[in-house]
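Working notes, structure below.
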Amino acid sequence: AGHNVVIYSKEDHLMQFFPGLDVSQEITSIVISPLRRHLAVAEKAEPAVITVYDTHTQRKKRMMNTPDCQSNQYVSMAFAPGQENKYLIAMGGPPDWTLVYWHWEKPRVVSSIQVSAGNPVHEVSFNILDHNLGIVATGEDVFRWYKVVDEEFKALTTDIHNKDSEVSSNFLCHTWLKDGKLIVGNDKGQIIILDSNCEYLGFMKVELEDFQVTRLILSEAGFVAGGSNGRVAVYWSTEEEEVPAFKLKKVIELDKKLCNNSKIKGISLSNQTEEQLVMTTENSQIFQVDFNGDSEEPKPLSHLFHHGTVTGMDVCVRKPLLVTCGADHSVKIWNYQEKTLEVSATFTEEPFSVAFHPSGLHIVVGFADKLRIMNVFKSTIKAFKDISIRACAEVKFSNGGQMFAATNGSYIKVFNFYTGESPSHLEFKGHSGRVKALTWNEDDTNFVSAGMDGAVYEWRLNSRNSGTHPQENHQKGVVYSSLILADNSSGEGKSIYAVGNDKLLKEFIESNETRRLDTGAVLSQLCLSNSGKILFAGVSDPQKTGSVRCYKFSPLTGDYTEFQAHQKGVERMRVSYDDCFLFTAGQDGSVIIWEIKDKDIRALRREKESIGLPLSEEILITKAEIEELHQQIENQRTNKRESVTNFKMKYELTLQDKTDYIEKLREQLINDAQQDKNKYDSLVESKRDMEKHYEEKINNLKEQYQLEKQGIETEQQQELMIEVTRYHELTRDKEQESRTAEDTIQSLQKQHQQQIETQCREFEQQLQEEKEEIINLQRENEQQKKKFALIEEFLLGENQEEVKESEVRNEVDIRKIKENSLKAKGKLSMARRKEASLQADKDRLEDDLKSKKEEYRQQGEQIERLTKRKKELQEVIQEKDSEIGDRERKIYELKQKNQNLEKFKFVLDYKIRELKQEMGPRDKEIADMKEKTSNMDKELKYYSSLNESLGGYMEELSNKQEKMQKEINSQRDKIRQAETQIKAMKDGIYDCAQSIQDYRKLKELILKLFNNFVKTEGRGQEQETEKEFARQCEYLQNSIDTLRKKLKEATERNQKNNMQMMDVNASLIKELDQLRKQRDSLRQFKKQYELQLKIHSLDAPTAKKKT
């Protein structure tokens, strides 16, 4: 909506605004996350910008742009399902059509790829099952399926292969189905079906004429397809395996007049419930329809909007109304307090301008060939006079409403509103170009105008010579678009402020330009608050959006606050008379209502409210509408009489039916009580029979238990003997293994000690040899050095003596000496290398020695661990021996106990046999008694609830009677008032007929009738109806008293029967408790006895073994 994203609440009709950025030109795409938590908004800018908002807090979370996308806009976006807090894809526009994969929480670009070389791409989306399964982009001859692998796009499919030749490749939209399949819509009304791997399965044709599939969405039962001419096709899935597995459920068609046969641009289903279907169209309208209903027609979501430029706007003084007209040939009247559309009218011609009379009862609209004065009724507007003025671009009422000024090209005409006349001295000519703006002075004695010729004029109405101007100014090349009148800073006279295409705000005083303010943008509209404190300006610059600026006006410093408003330039701007609201209309077709918040303005507003008049509530109404209201009143009276008669008949029939039903219930209650008594007697008799039967069964069970007990004792003794034998065998094996382990450990220790001693001797011997060899080499090296030094001294001496004798021989000797020296140096270097190798061998031997020592240390640790293990095994053996001794002592003690228990064995066996015979039947008997008791409790509750419901019903009847009596009394009062008003109105009409020749008196009488009776409603009731109703009430009261007495008697009888049944139930419950206690004691005794038997069975074999 304009340069904003709006979240609209259907319940309370409130809006949440997310304004666009001031650096952007327009909003190109929006998307909301699957969980409705985040909102992404793409805006056209350099570079293109994406902003992510939190819908709950309305806060901006991230703002993203990237140089990877060369385009200045994004055409489609989608959140990743299941990872909407992290990932988002965005499809860039021309020229590169780049798909960008965002990790928007960071934010950073994960990957990007060019989808198309030039063909438009319309939509991108994630697979709804998992965002990792793929991303699909569709457009004009474009189909791409990508996956993101290692943060890089991988193209899996670049076209729909194997599709039929008749299927068009101009893909306009697509969506994913619940089973992972993909459906794609094209410009021929075909829906292509692909599997989860984007393999072609088939296609289906929408069975509508001239249908293009422009939008597809998923539904719970199938999918919904929106297309051309305002039509929507709803498909349901079938259980058939053939492709396509969908059938057409219904077709939703929008009203052609409302949607203007435009395409469906967007579709949405209400979250989770899918009760409402919302559709948007290309002509800027939003419709809703009951998705599950069949007969309901689509209706506007809130009201109808303008489509195209809003060419005119004005606000009413006496009512909270705003009138607008637009390029869509419509005139709309809005209630800005209730935020509703009061009246909407469409014409065959385009309206260029509109003005609202201060009373709110009339408007003036300028069309291409005429100027129409129209009356505003409750739900419509009707023209009552046409004035021949062509293409009136600006019309304005005076502050008092008695005149209005209208432009006709380059001249202005002022009309008397009540006569529709325009004298020749009220025609003002002076502009050489079309007049673009005009405004009235506060006293309506003059007005100012500005036009495309760069001229600003002030015109006086009381001057017979229309060629004179108190103020005028001409500036060539400037096209003025708006101006205002305000008090100048000196307090004497008025200043004119004007704006145009030169990006300057100019102030004129007495025809001279006294000040100019550079605004930095083209301002198209100016509007001053009635308090004179704030100056509002609307921007209409091609390089900027249609924002609204607020200048502090007194004094005008040039400082301003800017708010984002419209996507295109601001076309009109008005302020309400009480300075509460600012209204702006733009070239984008949006009308925005702003609330003005200022301390100084609020103080002036309170002062106005205490002095001024309240808002008017009067409306115009025609004679035909009055007659229609009278007819509706008469119809209501007739319907009321019929409804009263029908209600009386229904009430008598219902009362008779209820009386019969009460008698039937009484009889049924008596019969049920007798049946319950008989059932109880039969239950007592059956209880006695069952006791005898269960005693016999208990005796049989005792005998069977004795036999089973003897068999179990024999088996336990045999098992115990086997376990004792096994224990002795394990003990012998354990001792043998421990002896073997000790021998093995000792032999290992001896071998390890011998190996360590041998290796130590060898290593020491090798080390000694290496040391001796190193010492010999060092000695030899020193001897060689001494020898070479002596030779060198000797040679030097001989050389000094023989130098003079022979230079040739010296040179030979020198060469020999050098050769010998080189040989000596070579031998010295060889000795050094040998010394280095010996040192390396020494280091290696030392390392080997260290490793051997480490192995020795590890083997020592292993010996210690084995020793510890040996000690642990010995301790375990000792513990086992002590445990065996303890068990033998326990066996001996248990044997003694067993001998004592044998004494009581016979008595216990007999008792167990008796208890077993009693246990089984008693359990079953208890369960049966519980079931019967619960059934009797249910029946008792049923009769009690029945009695309560009968009592509640009687109370409900008495309450209804009281309410009916109150309603009858209120209707009687209304009838008396209506008869009085009708009589008074007849007298008034008679007086009007008597004064039909006296027009002035007739007018006064008619106005008096209008003020007194236009809002009244009449109702009547005859006296006979009252008497009849009173008789019926008395009859009903007597009947109710009789029924109450009968109900009381029946209740007392039921209470007696219930008390008897409760006594019987109490005795049965006591008996059940006693049986439960006996059963629990028997179970406890049985457990104790079984435990003693097991102990005895364990003690017996041990005692035998010892003997």
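Ordering of the structure tokens sets the chain letters (A, B, ...); residue numbers start at 1 within each chain; ligands are numbered from 1 in the order shown.
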Q: For segment 23-31 of chain A, work out the shell of residues within 10 Å, counting only C-alpha atoms and skipping chain neighbours fewer than 3 positions away, then give it as a PyMOL selection string.
A: chain A and resi 1-5+19-20+34+36+38-52+72-79+90-91+93+542-546+566-568
Write the residues of the preceding selection, restricted to N, CA and C atoms, as a compact mmCIF listing (two decimals), in the first residue's frame.
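Dumped everything to selection.txt:
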```txt
# COMPACT_ATOMS: atom_id res chain seq x y z
N ALA A 1 0.87 -1.17 0.00
CA ALA A 1 0.00 0.00 0.00
C ALA A 1 0.90 1.21 0.00
N GLY A 2 1.04 1.88 -1.18
CA GLY A 2 1.97 2.97 -1.27
C GLY A 2 3.39 2.47 -1.09
N HIS A 3 4.18 3.20 -0.31
CA HIS A 3 5.56 2.79 -0.01
C HIS A 3 5.61 2.12 1.35
N ASN A 4 4.59 1.31 1.67
CA ASN A 4 4.49 0.62 2.95
C ASN A 4 4.00 -0.79 2.71
N VAL A 5 4.33 -1.67 3.67
CA VAL A 5 3.72 -3.00 3.74
C VAL A 5 2.77 -2.98 4.93
N PRO A 19 7.10 0.76 6.99
CA PRO A 19 7.44 1.71 5.94
C PRO A 19 8.68 1.28 5.17
N GLY A 20 8.73 1.69 3.89
CA GLY A 20 9.89 1.41 3.07
C GLY A 20 11.06 2.31 3.42
N PRO A 34 6.76 -19.30 6.67
CA PRO A 34 5.67 -20.28 6.88
C PRO A 34 5.03 -20.20 8.25
N ARG A 36 4.70 -17.45 9.98
CA ARG A 36 4.18 -16.07 10.13
C ARG A 36 4.99 -15.27 11.15
N HIS A 38 8.34 -13.97 10.43
CA HIS A 38 9.24 -13.03 9.77
C HIS A 38 8.62 -12.56 8.45
N LEU A 39 8.93 -11.31 8.11
CA LEU A 39 8.46 -10.69 6.87
C LEU A 39 9.66 -10.14 6.13
N ALA A 40 9.81 -10.53 4.86
CA ALA A 40 10.90 -10.04 4.02
C ALA A 40 10.32 -9.09 2.97
N VAL A 41 10.93 -7.92 2.83
CA VAL A 41 10.47 -6.88 1.90
C VAL A 41 11.63 -6.53 0.98
N ALA A 42 11.43 -6.68 -0.33
CA ALA A 42 12.44 -6.32 -1.33
C ALA A 42 12.08 -4.97 -1.93
N GLU A 43 13.07 -4.07 -2.03
CA GLU A 43 12.83 -2.72 -2.51
C GLU A 43 13.78 -2.39 -3.65
N LYS A 44 13.28 -1.59 -4.59
CA LYS A 44 14.06 -1.17 -5.75
C LYS A 44 14.98 -0.02 -5.35
N ALA A 45 16.29 -0.23 -5.50
CA ALA A 45 17.27 0.77 -5.11
C ALA A 45 18.57 0.45 -5.82
N GLU A 46 19.58 1.27 -5.58
CA GLU A 46 20.92 1.04 -6.12
C GLU A 46 21.90 0.82 -4.97
N PRO A 47 22.25 -0.41 -4.58
CA PRO A 47 21.75 -1.68 -5.14
C PRO A 47 20.42 -2.08 -4.51
N ALA A 48 19.84 -3.18 -5.05
CA ALA A 48 18.57 -3.68 -4.51
C ALA A 48 18.73 -4.10 -3.06
N VAL A 49 17.69 -3.85 -2.25
CA VAL A 49 17.76 -4.05 -0.80
C VAL A 49 16.66 -5.01 -0.36
N ILE A 50 17.00 -5.89 0.58
CA ILE A 50 16.02 -6.78 1.23
C ILE A 50 16.06 -6.48 2.72
N THR A 51 14.87 -6.24 3.30
CA THR A 51 14.76 -5.98 4.73
C THR A 51 13.89 -7.06 5.36
N VAL A 52 14.35 -7.65 6.47
CA VAL A 52 13.61 -8.69 7.19
C VAL A 52 13.10 -8.09 8.50
N ASN A 72 18.68 -3.78 -9.91
CA ASN A 72 18.27 -2.88 -8.83
C ASN A 72 16.96 -3.31 -8.17
N GLN A 73 16.53 -4.56 -8.41
CA GLN A 73 15.30 -5.04 -7.81
C GLN A 73 15.30 -6.56 -7.72
N TYR A 74 14.48 -7.06 -6.79
CA TYR A 74 14.22 -8.50 -6.65
C TYR A 74 12.74 -8.74 -6.98
N VAL A 75 12.45 -9.75 -7.81
CA VAL A 75 11.09 -9.98 -8.28
C VAL A 75 10.37 -11.07 -7.49
N SER A 76 11.12 -11.93 -6.77
CA SER A 76 10.48 -13.01 -6.02
C SER A 76 11.42 -13.46 -4.91
N MET A 77 10.81 -13.89 -3.77
CA MET A 77 11.58 -14.37 -2.62
C MET A 77 10.86 -15.55 -1.99
N ALA A 78 11.60 -16.30 -1.14
CA ALA A 78 11.00 -17.43 -0.41
C ALA A 78 11.88 -17.75 0.79
N PHE A 79 11.22 -18.04 1.94
CA PHE A 79 11.92 -18.52 3.13
C PHE A 79 12.08 -20.04 3.05
N ALA A 90 16.34 -15.13 -3.07
CA ALA A 90 15.78 -13.95 -3.73
C ALA A 90 16.17 -13.99 -5.20
N MET A 91 15.18 -13.72 -6.07
CA MET A 91 15.38 -13.73 -7.51
C MET A 91 15.55 -12.30 -8.00
N GLY A 93 16.16 -9.16 -10.68
CA GLY A 93 15.51 -8.80 -11.93
C GLY A 93 16.50 -8.59 -13.06
N PRO A 542 10.73 12.38 -9.54
CA PRO A 542 10.91 11.08 -10.21
C PRO A 542 12.00 10.22 -9.60
N GLN A 543 13.00 10.85 -8.95
CA GLN A 543 14.10 10.10 -8.37
C GLN A 543 13.82 9.64 -6.94
N LYS A 544 12.67 10.06 -6.36
CA LYS A 544 12.35 9.71 -4.99
C LYS A 544 10.92 9.21 -4.91
N THR A 545 10.61 8.59 -3.79
CA THR A 545 9.24 8.15 -3.55
C THR A 545 8.39 9.31 -3.05
N GLY A 546 7.08 9.09 -3.01
CA GLY A 546 6.17 10.14 -2.57
C GLY A 546 6.12 10.27 -1.07
N HIS A 566 3.96 7.32 -0.12
CA HIS A 566 3.46 6.74 -1.37
C HIS A 566 4.62 6.21 -2.20
N GLN A 567 4.27 5.25 -3.06
CA GLN A 567 5.28 4.68 -3.94
C GLN A 567 5.61 5.62 -5.08
N LYS A 568 4.64 6.43 -5.48
CA LYS A 568 4.86 7.46 -6.50
C LYS A 568 4.56 8.82 -5.87
```
**Q.** Shell of 6 Å around Met279 of chain A, only C-alpha atoms, local chain residues under 3 positions omitted, as an NGL selection string
**A.** :A and (266-267 or 286-287)
Q) How many Å separate atom CA of Ser284 of chain A from atom CA of Gly586 of chain A? A)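 Atom-to-atom, atom CA of Ser284 of chain A and atom CA of Gly586 of chain A are spaced 13.7 Å apart.
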Q.
I'd like the neighbourhood of Leu172 of chain A as a ChimeraX atom specification, where a residue qualifies if any of its atoms comes within 7 Å (using only C-alpha atoms), though same-chain residues fewer than 3 positions away should be ignored.
A. /A:122,139,185-187,213-214
Selected residues written out with C-alpha atoms, as a tab-separated table (two decimals), in the first residue's frame:
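Contents of selection.tsv, freshly written:
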```tsv
chain	number	residue	atom	x	y	z
A	122	HIS	CA	8.51	-14.88	-12.36
A	139	GLY	CA	9.65	-17.88	-16.02
A	185	GLY	CA	1.04	-23.04	-14.57
A	186	ASN	CA	1.48	-21.39	-17.98
A	187	ASP	CA	-0.20	-18.82	-20.25
A	213	VAL	CA	-2.79	-19.63	-14.74
A	214	THR	CA	-1.20	-16.64	-12.99
```
Q: Fewer than 4 positions away in the same chain doesn't count, so skip those; otherwise give me all residues within 8 Å of Asp290 of chain A, counting only C-alpha atoms, as a PyMOL selection string.
A: chain A and resi 275-277+296+298
Please save C-alpha atoms of the selected residues as a PDB file, in the first residue's frame.
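Output saved as result.pdb:
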```pdb
ATOM      1  CA  GLU A 275     -11.903 -21.061   6.126  1.00  0.00           C
ATOM      2  CA  GLN A 276     -11.275 -17.873   4.145  1.00  0.00           C
ATOM      3  CA  LEU A 277      -9.742 -17.397   0.692  1.00  0.00           C
ATOM      4  CA  GLU A 296     -21.298 -17.237  -1.216  1.00  0.00           C
ATOM      5  CA  PRO A 298     -16.606 -12.944  -3.160  1.00  0.00           C
TER       6      PRO A 298
END
```
Q) Please, what distance in Å, to one decimal, runs between atom CA of Leu894 of chain A and atom CA of Leu1091 of chain A? A) 12.3 Å
Q: Based on DSSP run over this structure's backbone, return all residues of segment 362-604 of chain A in strand (DSSP E or B), as a PyMOL selection string.
A: chain A and resi 362-366+371-377+381-387+395-397+403-408+411-416+427-429+435-440+446-451+455-460+472-474+480-487+494-500+504-509+512-518+523-528+534-539+546-552+560-566+570-575+581-586+591-595
Q | For Met204 of chain A, the nearest of the candidates A:Asp12, A:Glu166, A:Asp928, A:Glu685, counting only C-alpha atoms | A |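 Looking only at the distances to Met204 of chain A, the closest residue turns out to be A:Glu166.
By only C-alpha atoms, and with residues fewer than 6 positions from Gly988 of chain A along its chain excluded, the set lying at most 9 Å from it is Leu1005, Ile1006, Lys1008 and Leu1009 of chain A.
Taking only C-alpha atoms, the non-local environment of Phe417 of chain A within 8 Å (same-chain residues fewer than 5 positions away omitted) comprises Gly401, Gln402, Met403 and Phe404 of chain A.
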Could you write out the selected residues, including C-alpha atoms, as a CSV table (one decimal), in the first residue's frame?
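New file out24.csv:
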```
chain,number,residue,atom,x,y,z
A,401,GLY,CA,-19.5,27.3,1.4
A,402,GLN,CA,-21.6,29.9,-0.3
A,403,MET,CA,-19.2,30.0,-3.3
A,404,PHE,CA,-16.8,27.7,-5.2
```
